[in-house]
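Data file: target.cif. Format and content: mmCIF, C-alpha atoms.
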data_entry
loop_
_atom_site.group_PDB
_atom_site.id
_atom_site.type_symbol
_atom_site.label_atom_id
_atom_site.label_comp_id
_atom_site.auth_asym_id
_atom_site.auth_seq_id
_atom_site.Cartn_x
_atom_site.Cartn_y
_atom_site.Cartn_z
ATOM 1 C CA MET F 963 36.257 -23.179 23.687
ATOM 2 C CA THR F 964 37.631 -23.291 20.165
ATOM 3 C CA LEU F 965 36.986 -25.149 16.953
ATOM 4 C CA PHE F 966 40.120 -25.444 14.798
ATOM 5 C CA GLY F 967 41.620 -22.557 16.771
ATOM 6 C CA HIS F 968 38.608 -20.248 16.332
ATOM 7 C CA PRO F 969 36.558 -19.132 19.359
ATOM 8 C CA LEU F 970 33.264 -21.046 19.322
ATOM 9 C CA HIS F 971 30.935 -18.547 21.015
ATOM 10 C CA PRO F 972 31.339 -15.763 18.426
ATOM 11 C CA MET F 973 30.671 -18.328 15.678
ATOM 12 C CA THR F 974 27.488 -19.686 17.271
ATOM 13 C CA VAL F 975 25.685 -16.495 18.318
ATOM 14 C CA HIS F 976 24.500 -15.718 14.800
ATOM 15 C CA PHE F 977 22.131 -18.695 14.766
ATOM 16 C CA PRO F 978 19.922 -17.668 17.699
ATOM 17 C CA ILE F 979 19.835 -14.083 16.446
ATOM 18 C CA ALA F 980 18.811 -15.017 12.917
ATOM 19 C CA LEU F 981 16.323 -17.693 14.000
ATOM 20 C CA TYR F 982 14.635 -15.447 16.573
ATOM 21 C CA LEU F 983 14.278 -12.579 14.112
ATOM 22 C CA LEU F 984 12.995 -15.019 11.478
ATOM 23 C CA GLY F 985 10.376 -16.227 13.977
ATOM 24 C CA VAL F 986 9.270 -12.640 14.603
ATOM 25 C CA LEU F 987 9.095 -11.911 10.889
ATOM 26 C CA LEU F 988 7.138 -15.085 10.139
ATOM 27 C CA THR F 989 4.720 -14.381 12.999
ATOM 28 C CA LEU F 990 4.055 -10.852 11.774
ATOM 29 C CA VAL F 991 3.609 -11.995 8.165
ATOM 30 C CA GLY F 992 1.290 -14.766 9.355
ATOM 31 C CA LEU F 993 -0.810 -12.259 11.277
ATOM 32 C CA TRP F 994 -0.887 -9.892 8.328
ATOM 33 C CA ARG F 995 -1.785 -12.549 5.746
ATOM 34 C CA GLY F 996 -3.919 -14.673 8.059
ATOM 35 C CA GLN F 997 -2.196 -17.916 7.068
ATOM 36 C CA THR F 998 -1.366 -20.546 9.665
ATOM 37 C CA ASP F 999 1.572 -21.963 7.697
ATOM 38 C CA TYR F 1000 3.604 -18.921 8.697
ATOM 39 C CA ASP F 1001 2.652 -19.452 12.341
ATOM 40 C CA ARG F 1002 3.896 -23.048 12.274
ATOM 41 C CA MET F 1003 7.177 -22.017 10.653
ATOM 42 C CA ALA F 1004 7.541 -19.217 13.207
ATOM 43 C CA LEU F 1005 7.064 -21.656 16.078
ATOM 44 C CA GLY F 1006 9.722 -23.940 14.586
ATOM 45 C CA SER F 1007 12.051 -20.982 14.245
ATOM 46 C CA PHE F 1008 11.492 -19.982 17.889
ATOM 47 C CA VAL F 1009 12.167 -23.552 19.035
ATOM 48 C CA LEU F 1010 15.406 -23.707 17.034
ATOM 49 C CA SER F 1011 16.352 -20.255 18.301
ATOM 50 C CA TRP F 1012 15.898 -21.381 21.903
ATOM 51 C CA ILE F 1013 18.059 -24.458 21.308
ATOM 52 C CA ALA F 1014 20.710 -22.371 19.537
ATOM 53 C CA THR F 1015 20.666 -19.843 22.392
ATOM 54 C CA VAL F 1016 21.346 -22.633 24.887
ATOM 55 C CA ALA F 1017 24.278 -23.865 22.765
ATOM 56 C CA ALA F 1018 25.726 -20.370 22.308
ATOM 57 C CA SER F 1019 25.289 -19.665 26.027
ATOM 58 C CA ILE F 1020 27.188 -22.791 27.015
ATOM 59 C CA ALA F 1021 30.018 -21.870 24.637
ATOM 60 C CA GLY F 1022 30.022 -18.336 26.052
ATOM 61 C CA LEU F 1023 30.180 -19.526 29.642
ATOM 62 C CA VAL F 1024 33.090 -21.815 28.793
ATOM 63 C CA ASP F 1025 34.834 -18.905 27.053
ATOM 64 C CA GLN F 1026 34.180 -16.679 30.063
ATOM 65 C CA ASN F 1027 35.943 -19.172 32.297
ATOM 66 C CA GLN F 1028 39.070 -18.819 30.167
ATOM 67 C CA LEU F 1029 39.545 -15.293 31.542
ATOM 68 C CA ASP F 1030 41.626 -14.808 34.666
ATOM 69 C CA ILE F 1031 39.461 -14.449 37.773
ATOM 70 C CA ASN F 1032 40.814 -10.924 38.391
ATOM 71 C CA ASP F 1033 40.432 -9.778 34.780
ATOM 72 C CA PRO F 1034 38.583 -6.429 34.889
ATOM 73 C CA ARG F 1035 36.791 -7.278 31.637
ATOM 74 C CA ARG F 1036 34.695 -9.831 33.539
ATOM 75 C CA ALA F 1037 32.499 -6.977 34.837
ATOM 76 C CA TYR F 1038 31.479 -6.173 31.257
ATOM 77 C CA ILE F 1039 30.422 -9.750 30.614
ATOM 78 C CA ASN F 1040 27.704 -9.774 33.303
ATOM 79 C CA PRO F 1041 25.178 -7.558 31.437
ATOM 80 C CA HIS F 1042 25.696 -9.686 28.324
ATOM 81 C CA VAL F 1043 25.031 -12.872 30.299
ATOM 82 C CA THR F 1044 21.955 -11.287 31.895
ATOM 83 C CA GLY F 1045 20.633 -10.402 28.443
ATOM 84 C CA ALA F 1046 21.213 -13.930 27.180
ATOM 85 C CA ILE F 1047 19.351 -15.421 30.138
ATOM 86 C CA SER F 1048 16.510 -12.935 29.630
ATOM 87 C CA LEU F 1049 16.281 -13.915 25.981
ATOM 88 C CA LEU F 1050 16.176 -17.592 26.956
ATOM 89 C CA VAL F 1051 13.256 -16.866 29.289
ATOM 90 C CA VAL F 1052 11.287 -14.731 26.810
ATOM 91 C CA ASN F 1053 11.912 -17.130 23.928
ATOM 92 C CA GLY F 1054 10.995 -20.048 26.172
ATOM 93 C CA LEU F 1055 7.737 -18.340 27.185
ATOM 94 C CA LEU F 1056 6.866 -17.785 23.531
ATOM 95 C CA VAL F 1057 7.472 -21.440 22.723
ATOM 96 C CA TYR F 1058 5.722 -22.701 25.835
ATOM 97 C CA GLY F 1059 2.726 -20.437 25.259
ATOM 98 C CA ARG F 1060 2.293 -21.657 21.701
ATOM 99 C CA LEU F 1061 2.722 -25.331 22.618
ATOM 100 C CA ARG F 1062 0.503 -25.146 25.706
ATOM 101 C CA TRP F 1063 -2.188 -22.978 24.102
ATOM 102 C CA PRO F 1064 -2.034 -23.407 20.315
ATOM 103 C CA ALA F 1065 -4.491 -20.530 19.817
ATOM 104 C CA ALA F 1066 -2.480 -18.154 22.042
ATOM 105 C CA LEU F 1067 -1.603 -15.983 19.072
ATOM 106 C CA LEU F 1068 -5.309 -15.466 18.374
ATOM 107 C CA THR F 1069 -6.709 -15.308 21.905
ATOM 108 C CA HIS F 1070 -3.860 -13.322 23.501
ATOM 109 C CA ARG F 1071 -2.407 -11.527 20.481
ATOM 110 C CA PRO F 1072 -1.340 -8.259 22.203
ATOM 111 C CA LEU F 1073 0.390 -10.147 25.012
ATOM 112 C CA TYR F 1074 2.117 -12.565 22.622
ATOM 113 C CA VAL F 1075 3.256 -9.823 20.234
ATOM 114 C CA GLY F 1076 4.393 -7.723 23.211
ATOM 115 C CA TRP F 1077 6.551 -10.572 24.561
ATOM 116 C CA MET F 1078 7.896 -11.152 21.073
ATOM 117 C CA LEU F 1079 8.889 -7.495 20.653
ATOM 118 C CA LEU F 1080 10.391 -7.422 24.147
ATOM 119 C CA GLY F 1081 12.537 -10.319 22.982
ATOM 120 C CA VAL F 1082 13.671 -8.269 19.966
ATOM 121 C CA ILE F 1083 14.743 -5.427 22.260
ATOM 122 C CA ILE F 1084 16.594 -7.821 24.578
ATOM 123 C CA LEU F 1085 18.205 -9.499 21.564
ATOM 124 C CA LEU F 1086 19.449 -6.208 20.114
ATOM 125 C CA ILE F 1087 20.871 -5.019 23.442
ATOM 126 C CA THR F 1088 22.551 -8.364 24.111
ATOM 127 C CA ALA F 1089 24.011 -8.489 20.601
ATOM 128 C CA TRP F 1090 25.314 -4.937 20.955
ATOM 129 C CA LEU F 1091 26.930 -5.823 24.293
ATOM 130 C CA GLY F 1092 28.510 -8.873 22.658
ATOM 131 C CA GLY F 1093 29.915 -6.671 19.918
ATOM 132 C CA GLU F 1094 31.351 -4.347 22.544
ATOM 133 C CA LEU F 1095 33.021 -7.289 24.263
ATOM 134 C CA VAL F 1096 34.640 -8.396 21.042
ATOM 135 C CA TYR F 1097 35.575 -5.104 19.390
ATOM 136 C CA ARG F 1098 36.217 -2.836 22.362
ATOM 137 C CA TRP F 1099 37.397 -5.255 25.052
ATOM 138 C CA GLN F 1100 39.038 -7.807 22.709
ATOM 139 C CA ILE F 1101 37.325 -10.834 24.274
ATOM 140 C CA GLY F 1102 37.104 -13.887 22.018
ATOM 141 C CA ILE F 1103 39.720 -12.575 19.607
ATOM 142 C CA MET F 1104 42.259 -14.996 18.209
ATOM 143 C CA SER F 1105 45.815 -14.170 19.235
#

Spit out the file's structure as structure tokens when you get a sec.
Amino acid sequence: MTLFGHPLHPMTVHFPIALYLLGVLLTLVGLWRGQTDYDRMALGSFVLSWIATVAASIAGLVDQNQLDINDPRRAYINPHVTGAISLLVVNGLLVYGRLRWPAALLTHRPLYVGWMLLGVIILLITAWLGGELVYRWQIGIMS
């Protein structure tokens, strides 16, 4: 999938990464300062990150289908896809938990922060795998 000849997936992945990390930062600052404004902004950032992850995932799956079925590089895509799905689940749980139980950050702080940090680890691994796909395996590179 391209936009003006440029692969779309590599252009869209920066949004979920930045928005998720912004949500983590805002949550931690909100906990540290004890101000709920940061919590509301963090929730908005997590919601936008989830939406952006869905969009980037769709673009990535379309790009993946551009590879020949016997292309050996397909095997390297699977861990990246697994990481993206895992991030969708963790991010979705964070959003759902906050919408379903607005006081979840106060009543279940260790669990919420643990899920949030698990998401950071998944995000970093998935981003690294994406970088490997682009720079080592030359997937998504313009010819």

- Message: as a list of chain:residue names, please: the residues near F:Val1075 (cut-off 12 Å, only C-alpha atoms, same-chain neighbours under 4 positions excluded).
- Response: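 Using only C-alpha atoms, the neighbours found are F:Gly985, F:Val986, F:Leu987, F:Thr989, F:Leu990, F:Leu993, F:Val1052, F:Asn1053, F:Leu1055, F:Leu1056, F:Gly1059, F:Arg1060, F:Ala1066, F:Leu1067, F:Leu1068, F:Thr1069, F:His1070, F:Arg1071, F:Leu1079, F:Leu1080, F:Gly1081, F:Val1082.
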
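With all atoms listed in the file as the basis for measurement, F:Ala1014 is the residue among F:Ile1083, F:Val1043, F:Leu1050, F:Ala1014 that approaches F:Met973 most closely.
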
- Task: Find the distance between atom CA of F:Gly1076 and atom CA of F:Tyr982 and write it in Å to one decimal.
- Result: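 Here the two named atoms are 14.4 Å from each other.
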
List every protein, DNA or RNA residue that has at least one atom no more than 10 Å from (20.2, -7.5, 26.3) in the file's coordinates, counting all atoms listed in the file, and write the result as a compact mmCIF listing (two decimals) with C-alpha atoms, in the frame of the given file.
# COMPACT_ATOMS: atom_id res chain seq x y z
CA PRO F 1041 25.18 -7.56 31.44
CA HIS F 1042 25.70 -9.69 28.32
CA VAL F 1043 25.03 -12.87 30.30
CA THR F 1044 21.96 -11.29 31.90
CA GLY F 1045 20.63 -10.40 28.44
CA ALA F 1046 21.21 -13.93 27.18
CA ILE F 1047 19.35 -15.42 30.14
CA SER F 1048 16.51 -12.94 29.63
CA LEU F 1049 16.28 -13.92 25.98
CA GLY F 1081 12.54 -10.32 22.98
CA VAL F 1082 13.67 -8.27 19.97
CA ILE F 1083 14.74 -5.43 22.26
CA ILE F 1084 16.59 -7.82 24.58
CA LEU F 1085 18.20 -9.50 21.56
CA LEU F 1086 19.45 -6.21 20.11
CA ILE F 1087 20.87 -5.02 23.44
CA THR F 1088 22.55 -8.36 24.11
CA ALA F 1089 24.01 -8.49 20.60
CA TRP F 1090 25.31 -4.94 20.96
CA LEU F 1091 26.93 -5.82 24.29
CA GLY F 1092 28.51 -8.87 22.66

- Closest of F:Leu1073, F:Tyr1000, F:Trp1099, F:Val1009 to F:Pro1034 - atom-to-atom distances counting all atoms listed in the file: F:Trp1099

- Item | Straight-line distance linking atom CA of F:Pro969 with atom CA of F:Gln1100, stated in Å to one decimal |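 Between atom CA of F:Pro969 and atom CA of F:Gln1100 the gap works out to 12.1 Å.
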
- Message: At a cut-off of 8 Å around the point (15.6, -20.1, 15.7) (file coordinates), what residues fall inside when counting all atoms listed in the file? I'd like the answer as a ChimeraX atom specification.
- Response: /F:977-985,1006-1014

- Gap from atom CA of F:Val1016 to atom CA of F:Asn1032 - Å, one decimal: 26.4 Å
